[in-house]
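Engineer: Here's a structure for you.
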Amino acid sequence: MAIGQALREAREHRGMTQEAAGQVGYISNKMVSAIECGRRAAGPDVLERLATNLDYPRLYMEAAAEVTGGVYTSPWLDGEGVDLHRTSVWAKTCEELQEAIKVVSVADVVNAPSRADETHRQAVHDSMIQSLDARVAIDHYLAVMCEEYGFSILTVYQEHREKLESRGYAKPRPKRKSAF
């Protein structure tokens with residue numbers, strides 16, 4: 001249902017009808033309705049078209065979670081204890097980054113893992129969990145700031161990818177033929 005809620009939210013935020021969303025996703029308005037209500041799943045190709053055309057951060061996050069089973073993606077924070085106002089997200093991101101630096105700094109990863117006792121293993125595990133907390137905060141910072149300041153999250157990620165490629169940190173990806 002998370003993908004359905006994200007699709008509805010993205011569509012309404014962009015001022016689109018189900019018919020218009022269906023057109024950009026190459027699906028019917030009835031399929032859009034079924035996805036939004038959780039009666040049908042959207043395949044990866046449909047998710048990609050909808051996310052790319054609606055360019056809405058939460059939809060990207062939920063689509064990634066759908067395709068990967070939640071691995072290498074942050075869950076959308078929508079619980080009662082969450083404040084997604086830009087200043088709250090900024091402050092939480094700063095806090096989580098500081099905590100991650102502290103915990104990661106004390107994790108003993110110098111010695112071979114085979115020599116690590118349970119205390120060291122736990123410290124490494126804690127550093128990974130805290131790193132994920134920081135990642136979730138960063139992902140929400142990006143999402144909220146893109147929406148608040150009118151940046152395309154797709155363009156921001158593309159610019160970042162180009163930066164990494166220009167520095168030799170990532171190999172250029174082959175250009176894909178557009179389905180649009």
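Identifiers for the structure tokens are assigned positionally: chains receive A, B, ... in sequence, residues are indexed from 1 per chain, and ligands are indexed from 1 in the order shown.
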Check the DSSP output for the backbone and give back, as a VMD selection string, the residues of region 1-166 of chain A in helix (DSSP H, G or I).
Structural biologist: chain A and resid 2 to 13 18 to 25 29 to 37 44 to 54 57 to 68 86 to 106 113 to 115 118 to 149 153 to 166
Engineer: Can you list, as a ChimeraX atom specification, every protein, DNA or RNA residue that comes within 8 Å of Val89 (chain A) when you count only C-alpha atoms, leaving out same-chain residues fewer than 5 positions away?
Structural biologist: /A:83-84,137,140-141,144
Engineer: For a quick check of understanding, using only C-alpha atoms, which of A:Leu97, A:Val24, A:Ala170, A:Leu77 has the smallest distance to Ala6 (chain A)?
Structural biologist: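 Result for the nearest residue to Ala6 (chain A): A:Leu77.
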Engineer: Do you have, as JSON lines, the list of residues of region 61-99 of chain A lying at most 12 Å from region 27-50 of chain A, each with its nearest atom pair and that distance in Å to one decimal, counting only C-alpha atoms and ordered by chain then number?
Structural biologist:
```
{"residue": "A:Met61", "atom": "CA", "partner": "A:Leu47", "partner_atom": "CA", "distance": 10.8}
{"residue": "A:Glu62", "atom": "CA", "partner": "A:Leu47", "partner_atom": "CA", "distance": 9.4}
{"residue": "A:Ala63", "atom": "CA", "partner": "A:Leu47", "partner_atom": "CA", "distance": 6.0}
{"residue": "A:Ala64", "atom": "CA", "partner": "A:Leu47", "partner_atom": "CA", "distance": 8.8}
{"residue": "A:Ala65", "atom": "CA", "partner": "A:Pro44", "partner_atom": "CA", "distance": 10.9}
{"residue": "A:Glu66", "atom": "CA", "partner": "A:Pro44", "partner_atom": "CA", "distance": 8.4}
{"residue": "A:Val67", "atom": "CA", "partner": "A:Pro44", "partner_atom": "CA", "distance": 6.5}
{"residue": "A:Thr68", "atom": "CA", "partner": "A:Pro44", "partner_atom": "CA", "distance": 10.1}
```
Engineer: Take the residues from that selection and put them in a file with all heavy atoms, as a JSON list (two decimals), in the first residue's frame.
Structural biologist:
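The resulting file, again17.json, is shown below:
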```
[["chain", "number", "residue", "atom", "x", "y", "z"],
["A", 61, "MET", "N", 11.37, 6.83, -3.54],
["A", 61, "MET", "CA", 11.78, 6.01, -2.40],
["A", 61, "MET", "C", 10.92, 4.76, -2.28],
["A", 61, "MET", "O", 11.43, 3.65, -2.06],
["A", 61, "MET", "CB", 11.74, 6.84, -1.12],
["A", 61, "MET", "CG", 12.83, 7.90, -1.07],
["A", 61, "MET", "SD", 12.64, 9.10, 0.26],
["A", 61, "MET", "CE", 13.13, 8.12, 1.67],
["A", 62, "GLU", "N", 9.62, 4.91, -2.44],
["A", 62, "GLU", "CA", 8.72, 3.76, -2.32],
["A", 62, "GLU", "C", 8.90, 2.80, -3.50],
["A", 62, "GLU", "O", 8.84, 1.58, -3.33],
["A", 62, "GLU", "CB", 7.26, 4.21, -2.22],
["A", 62, "GLU", "CG", 6.94, 5.03, -0.99],
["A", 62, "GLU", "CD", 7.00, 4.28, 0.33],
["A", 62, "GLU", "OE1", 7.32, 3.07, 0.35],
["A", 62, "GLU", "OE2", 6.75, 4.93, 1.36],
["A", 63, "ALA", "N", 9.16, 3.33, -4.69],
["A", 63, "ALA", "CA", 9.40, 2.47, -5.85],
["A", 63, "ALA", "C", 10.68, 1.66, -5.65],
["A", 63, "ALA", "O", 10.70, 0.46, -5.94],
["A", 63, "ALA", "CB", 9.49, 3.32, -7.13],
["A", 64, "ALA", "N", 11.72, 2.30, -5.16],
["A", 64, "ALA", "CA", 12.98, 1.59, -4.89],
["A", 64, "ALA", "C", 12.75, 0.50, -3.84],
["A", 64, "ALA", "O", 13.26, -0.62, -3.98],
["A", 64, "ALA", "CB", 14.05, 2.56, -4.44],
["A", 65, "ALA", "N", 11.99, 0.81, -2.81],
["A", 65, "ALA", "CA", 11.71, -0.18, -1.77],
["A", 65, "ALA", "C", 10.92, -1.35, -2.34],
["A", 65, "ALA", "O", 11.17, -2.52, -2.01],
["A", 65, "ALA", "CB", 10.94, 0.47, -0.62],
["A", 66, "GLU", "N", 9.99, -1.06, -3.21],
["A", 66, "GLU", "CA", 9.17, -2.10, -3.83],
["A", 66, "GLU", "C", 10.02, -3.06, -4.67],
["A", 66, "GLU", "O", 9.87, -4.26, -4.59],
["A", 66, "GLU", "CB", 8.11, -1.42, -4.72],
["A", 66, "GLU", "CG", 7.11, -2.34, -5.33],
["A", 66, "GLU", "CD", 5.90, -2.60, -4.45],
["A", 66, "GLU", "OE1", 5.76, -1.98, -3.38],
["A", 66, "GLU", "OE2", 5.10, -3.44, -4.84],
["A", 67, "VAL", "N", 10.93, -2.50, -5.44],
["A", 67, "VAL", "CA", 11.75, -3.30, -6.34],
["A", 67, "VAL", "C", 12.83, -4.08, -5.60],
["A", 67, "VAL", "O", 13.16, -5.20, -5.98],
["A", 67, "VAL", "CB", 12.38, -2.39, -7.44],
["A", 67, "VAL", "CG1", 13.39, -3.15, -8.27],
["A", 67, "VAL", "CG2", 11.28, -1.83, -8.33],
["A", 68, "THR", "N", 13.36, -3.51, -4.51],
["A", 68, "THR", "CA", 14.49, -4.14, -3.82],
["A", 68, "THR", "C", 14.11, -4.85, -2.52],
["A", 68, "THR", "O", 14.98, -5.39, -1.85],
["A", 68, "THR", "CB", 15.57, -3.10, -3.47],
["A", 68, "THR", "OG1", 15.03, -2.18, -2.50],
["A", 68, "THR", "CG2", 16.07, -2.37, -4.70]]
```
Engineer: Which is closer to Tyr56 (chain A) than all the others in A:Ile101, A:Ala143, A:Ala116, A:Val106, using only C-alpha atoms?
Structural biologist: A:Ala143
Engineer: Got a sec: who's within 12 Å of His125 (chain A), counting only C-alpha atoms, leaving out chain neighbours fewer than 2 positions off, as a PyMOL selection string?
Structural biologist: chain A and resi 103-104+106-109+116+118-123+127-132
Engineer: How about saving the chosen residues, N, CA and C atoms kept, as an mmCIF file, in the first residue's frame?
Structural biologist:
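Below is the file result.cif, written as the result:
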```
data_model
loop_
_atom_site.group_PDB
_atom_site.id
_atom_site.type_symbol
_atom_site.label_atom_id
_atom_site.label_comp_id
_atom_site.auth_asym_id
_atom_site.auth_seq_id
_atom_site.Cartn_x
_atom_site.Cartn_y
_atom_site.Cartn_z
ATOM 1 N N VAL A 103 30.035 7.159 16.265
ATOM 2 C CA VAL A 103 29.948 5.701 16.401
ATOM 3 C C VAL A 103 30.854 4.985 15.394
ATOM 4 N N VAL A 104 30.902 5.475 14.168
ATOM 5 C CA VAL A 104 31.754 4.859 13.154
ATOM 6 C C VAL A 104 33.226 5.020 13.524
ATOM 7 N N VAL A 106 34.652 4.920 16.386
ATOM 8 C CA VAL A 106 35.132 4.018 17.442
ATOM 9 C C VAL A 106 35.020 2.535 17.064
ATOM 10 N N ALA A 107 34.404 2.245 15.942
ATOM 11 C CA ALA A 107 34.307 0.844 15.513
ATOM 12 C C ALA A 107 35.692 0.366 15.087
ATOM 13 N N ASP A 108 36.118 -0.752 15.632
ATOM 14 C CA ASP A 108 37.443 -1.297 15.333
ATOM 15 C C ASP A 108 37.366 -2.150 14.069
ATOM 16 N N VAL A 109 37.747 -1.542 12.965
ATOM 17 C CA VAL A 109 37.753 -2.289 11.708
ATOM 18 C C VAL A 109 39.173 -2.458 11.175
ATOM 19 N N ALA A 116 38.050 -10.412 15.629
ATOM 20 C CA ALA A 116 37.150 -9.566 16.412
ATOM 21 C C ALA A 116 36.379 -10.389 17.436
ATOM 22 N N GLU A 118 33.217 -10.457 20.385
ATOM 23 C CA GLU A 118 31.808 -10.067 20.275
ATOM 24 C C GLU A 118 31.614 -8.569 20.533
ATOM 25 N N THR A 119 32.391 -7.984 21.409
ATOM 26 C CA THR A 119 32.287 -6.546 21.687
ATOM 27 C C THR A 119 32.626 -5.732 20.442
ATOM 28 N N HIS A 120 33.688 -6.144 19.755
ATOM 29 C CA HIS A 120 34.073 -5.440 18.521
ATOM 30 C C HIS A 120 33.035 -5.652 17.419
ATOM 31 N N ARG A 121 32.548 -6.874 17.301
ATOM 32 C CA ARG A 121 31.513 -7.152 16.300
ATOM 33 C C ARG A 121 30.276 -6.289 16.562
ATOM 34 N N GLN A 122 29.897 -6.147 17.830
ATOM 35 C CA GLN A 122 28.735 -5.334 18.183
ATOM 36 C C GLN A 122 28.980 -3.864 17.852
ATOM 37 N N ALA A 123 30.193 -3.385 18.090
ATOM 38 C CA ALA A 123 30.521 -1.992 17.769
ATOM 39 C C ALA A 123 30.416 -1.745 16.260
ATOM 40 N N SER A 127 27.701 0.648 14.398
ATOM 41 C CA SER A 127 28.119 1.684 13.450
ATOM 42 C C SER A 127 27.323 1.587 12.140
ATOM 43 N N MET A 128 26.982 0.369 11.744
ATOM 44 C CA MET A 128 26.183 0.198 10.527
ATOM 45 C C MET A 128 24.761 0.708 10.733
ATOM 46 N N ILE A 129 24.171 0.390 11.882
ATOM 47 C CA ILE A 129 22.814 0.855 12.174
ATOM 48 C C ILE A 129 22.778 2.383 12.244
ATOM 49 N N GLN A 130 23.771 2.967 12.906
ATOM 50 C CA GLN A 130 23.812 4.426 13.001
ATOM 51 C C GLN A 130 24.046 5.057 11.627
ATOM 52 N N SER A 131 24.826 4.401 10.787
ATOM 53 C CA SER A 131 25.029 4.896 9.422
ATOM 54 C C SER A 131 23.715 4.892 8.652
ATOM 55 N N LEU A 132 22.913 3.849 8.866
ATOM 56 C CA LEU A 132 21.598 3.809 8.213
ATOM 57 C C LEU A 132 20.685 4.917 8.741
#
```
Engineer: As an exercise, work out the distance from CA of Ile138 (chain A) to CA of Ser74 (chain A) in Å and give it to one decimal place.
Structural biologist: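 Spanning CA of Ile138 (chain A) to CA of Ser74 (chain A) is a straight-line distance of 9.4 Å.
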Engineer: Figure out the distance between CA of Tyr72 (chain A) and CA of Thr52 (chain A), please, to one decimal in Å.
Structural biologist: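 These two atoms are separated by 18.7 Å.
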